[in-house]
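Let me begin by presenting the structure, written as structure tokens, before commenting on it.
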Amino acid sequence: MDYTAKTFNIPELEGISSKSVEDHIGLYQGYVKNFNAISKKIPEYAQDSEANAHALSELIRRRSFEFGGMRLHELYFTQFEGGAKALNPESALAKQFEKEYMKLEHFEPYFKSIGNMRGPGWAILYWDAEGQQLLAGFSGEQHQGHFVTLPIVLALDVWEHAFLLDYGTQGKGKYMDAFFKNLNWSLVEERFEKLTRTQ
Ligand SMILES: [Fe+2]
């Protein structure tokens, strides 16, 4: 089936320009479009997978890349909706941070240090229900390095395209500060609560 690009209700952000958000959403729409286009090609090429082996292998690699770009950007842009809201210290997520000896003032620099890893990618916080723990990781590009099967609680895009326009090539640190300044933590808390409720 074809996916439709979602729309986001993003308010004016502090430190991330409307132009940057607009361009970034354009990139996101490209991922959706490419995912749909590749998904249509694959069954066609699969009619003769031996003859189309090279084309198929490229499409198969590309498809999970496009899918990662689609889903991660949906999580990312949603996190700005409703405007900046601080983490509620009474929330289940704040309590989980405390339980793991990771207060917010420790978590933020830790998560930014993951975002500072080299190469295009994403800093991602996952919830591991079996281990009852939050796992933070770095996904190279957007389809590699994931904790497989684990749902995502928080996603921070650290590709250059996220900050180049506002801060230049050296601006990842300032952009990550702006990300946390604009983050609606209550949406992140809701995601976490939904995940922990269904256990
Ligand atoms: Fe992005």
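By order of appearance in the structure tokens: chains A, B, ..., then residues from 1 within every chain, and ligands from 1 in the order shown.
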
Determine, using only C-alpha atoms, which residues of stretch 120-196 of chain A have any atom at most 12 Å from an atom of stretch 52-72 of chain A, and tabulate each with its shortest atom pair and distance in Å to one decimal place, rows ordered by chain and then rising number, as CSV.
residue,atom,partner,partner_atom,distance
A:Pro120,CA,A:Gly69,CA,11.9
A:Gly121,CA,A:Gly69,CA,10.0
A:Trp122,CA,A:Leu72,CA,8.6
A:Ala123,CA,A:Leu72,CA,10.5
A:Ile124,CA,A:Leu72,CA,9.3
A:Leu125,CA,A:Leu72,CA,11.7
A:Ser139,CA,A:Gly68,CA,9.7
A:Gly140,CA,A:Phe65,CA,10.2
A:Glu141,CA,A:Phe65,CA,7.6
A:Gln142,CA,A:Gly68,CA,5.1
A:His143,CA,A:Phe65,CA,5.2
A:Gln144,CA,A:Phe65,CA,8.5
A:Gly145,CA,A:Gly68,CA,11.5
A:His146,CA,A:Gly68,CA,10.2
A:Pro151,CA,A:Leu72,CA,11.3
A:Ile152,CA,A:Leu72,CA,9.0
A:Val153,CA,A:Leu72,CA,10.9
A:Leu154,CA,A:Leu72,CA,9.5
A:Ala155,CA,A:Leu72,CA,6.8
A:Leu156,CA,A:Leu72,CA,8.7
A:Asp157,CA,A:Leu72,CA,8.1
A:Val158,CA,A:Leu72,CA,11.5
A:Trp159,CA,A:Gly69,CA,11.0

All residues having an atom within 7 Å of ligand 1 (only C-alpha atoms and all ligand atoms) as a CSV table (one decimal) with N, CA and C atoms, in the first residue's frame:
chain,number,residue,atom,x,y,z
A,24,HIS,N,13.2,20.6,5.7
A,24,HIS,CA,13.3,19.3,6.3
A,24,HIS,C,12.1,18.4,6.0
A,28,TYR,N,11.5,14.8,4.2
A,28,TYR,CA,10.6,13.7,4.7
A,28,TYR,C,9.6,13.2,3.7
A,73,HIS,N,11.3,10.5,10.9
A,73,HIS,CA,10.9,11.9,10.7
A,73,HIS,C,9.5,12.1,11.3
A,157,ASP,N,17.2,13.8,15.2
A,157,ASP,CA,17.8,13.7,13.9
A,157,ASP,C,19.1,14.5,14.0
A,159,TRP,N,21.4,14.4,11.3
A,159,TRP,CA,22.0,14.5,10.0
A,159,TRP,C,22.3,16.0,9.8
A,161,HIS,N,21.6,17.9,7.4
A,161,HIS,CA,20.5,18.7,6.9
A,161,HIS,C,19.6,19.3,8.0
A,162,ALA,N,19.6,18.7,9.2
A,162,ALA,CA,18.8,19.2,10.3
A,162,ALA,C,19.3,20.6,10.8

Legend entry - Sel. of strand (DSSP E) residues, stretch 40-187 of chain A, as JSON, numbers by chain: {"A": [121, 122, 123, 124, 125, 126, 127, 128, 133, 134, 135, 136, 137, 138, 139, 140, 152, 153, 154, 155, 156, 157]}

Take the residues just selected and output them with C-alpha atoms as a short mmCIF file (atom, residue, chain, number, x, y, z; two decimals), in the first residue's frame.
data_model
loop_
_atom_site.label_atom_id
_atom_site.label_comp_id
_atom_site.auth_asym_id
_atom_site.auth_seq_id
_atom_site.Cartn_x
_atom_site.Cartn_y
_atom_site.Cartn_z
CA GLY A 121 22.30 9.35 11.82
CA TRP A 122 19.94 9.55 14.73
CA ALA A 123 20.21 9.49 18.51
CA ILE A 124 17.34 7.27 19.62
CA LEU A 125 15.88 6.24 22.95
CA TYR A 126 14.13 2.87 22.95
CA TRP A 127 12.05 1.05 25.53
CA ASP A 128 12.94 -2.55 26.28
CA GLN A 133 14.87 -0.44 30.74
CA LEU A 134 15.45 2.48 28.43
CA LEU A 135 18.19 1.90 25.86
CA ALA A 136 19.81 4.82 24.05
CA GLY A 137 21.56 4.19 20.76
CA PHE A 138 22.84 5.62 17.50
CA SER A 139 21.34 4.61 14.21
CA GLY A 140 23.74 5.13 11.29
CA ILE A 152 11.09 4.30 20.06
CA VAL A 153 10.43 6.82 22.81
CA LEU A 154 12.54 9.76 21.57
CA ALA A 155 14.25 10.44 18.24
CA LEU A 156 16.80 13.17 17.53
CA ASP A 157 17.83 13.73 13.92
#

Inset, instruction - Have a look at A:Gln29, A:Gln132, A:Ser91, A:Thr149 and name the one nearest to A:Lys6; count only C-alpha atoms. - result: A:Gln29

Inset, instruction - Could you tell me, as a VMD selection string, which residues of stretch 24-167 of chain A DSSP assigns to helix (DSSP H, G or I) when given the backbone? - result: chain A and resid 24 to 46 53 to 78 92 to 99 104 to 115 160 to 162 164 to 167

Inset, instruction - Check the smallest atom-to-atom distance from each of A:Val21, A:Ala46, A:Leu187, A:Met176 to A:Asn116 using only C-alpha atoms, then report the winner. - result: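 Between A:Val21, A:Ala46, A:Leu187, A:Met176, the residue approaching A:Asn116 most closely is A:Met176.
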
Legend entry - Point-to-point distance in Å for atom CA of A:Lys181 and atom CA of A:Pro11: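 According to the coordinates, atom CA of A:Pro11 and atom CA of A:Lys181 are separated by 13.0 Å.
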
Legend entry - Distance criterion (only C-alpha atoms): nearest to A:Phe163 out of A:Phe8, A:Ser20, A:Val188, A:Asp2: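 Among the listed residues, A:Ser20 lies closest to A:Phe163.
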
Inset, instruction - Quick one: pull the distance between atom CA of A:Phe192 and atom CA of A:Phe35, Å, one decimal. - result: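 Separating atom CA of A:Phe192 from atom CA of A:Phe35 is a distance of 27.6 Å.
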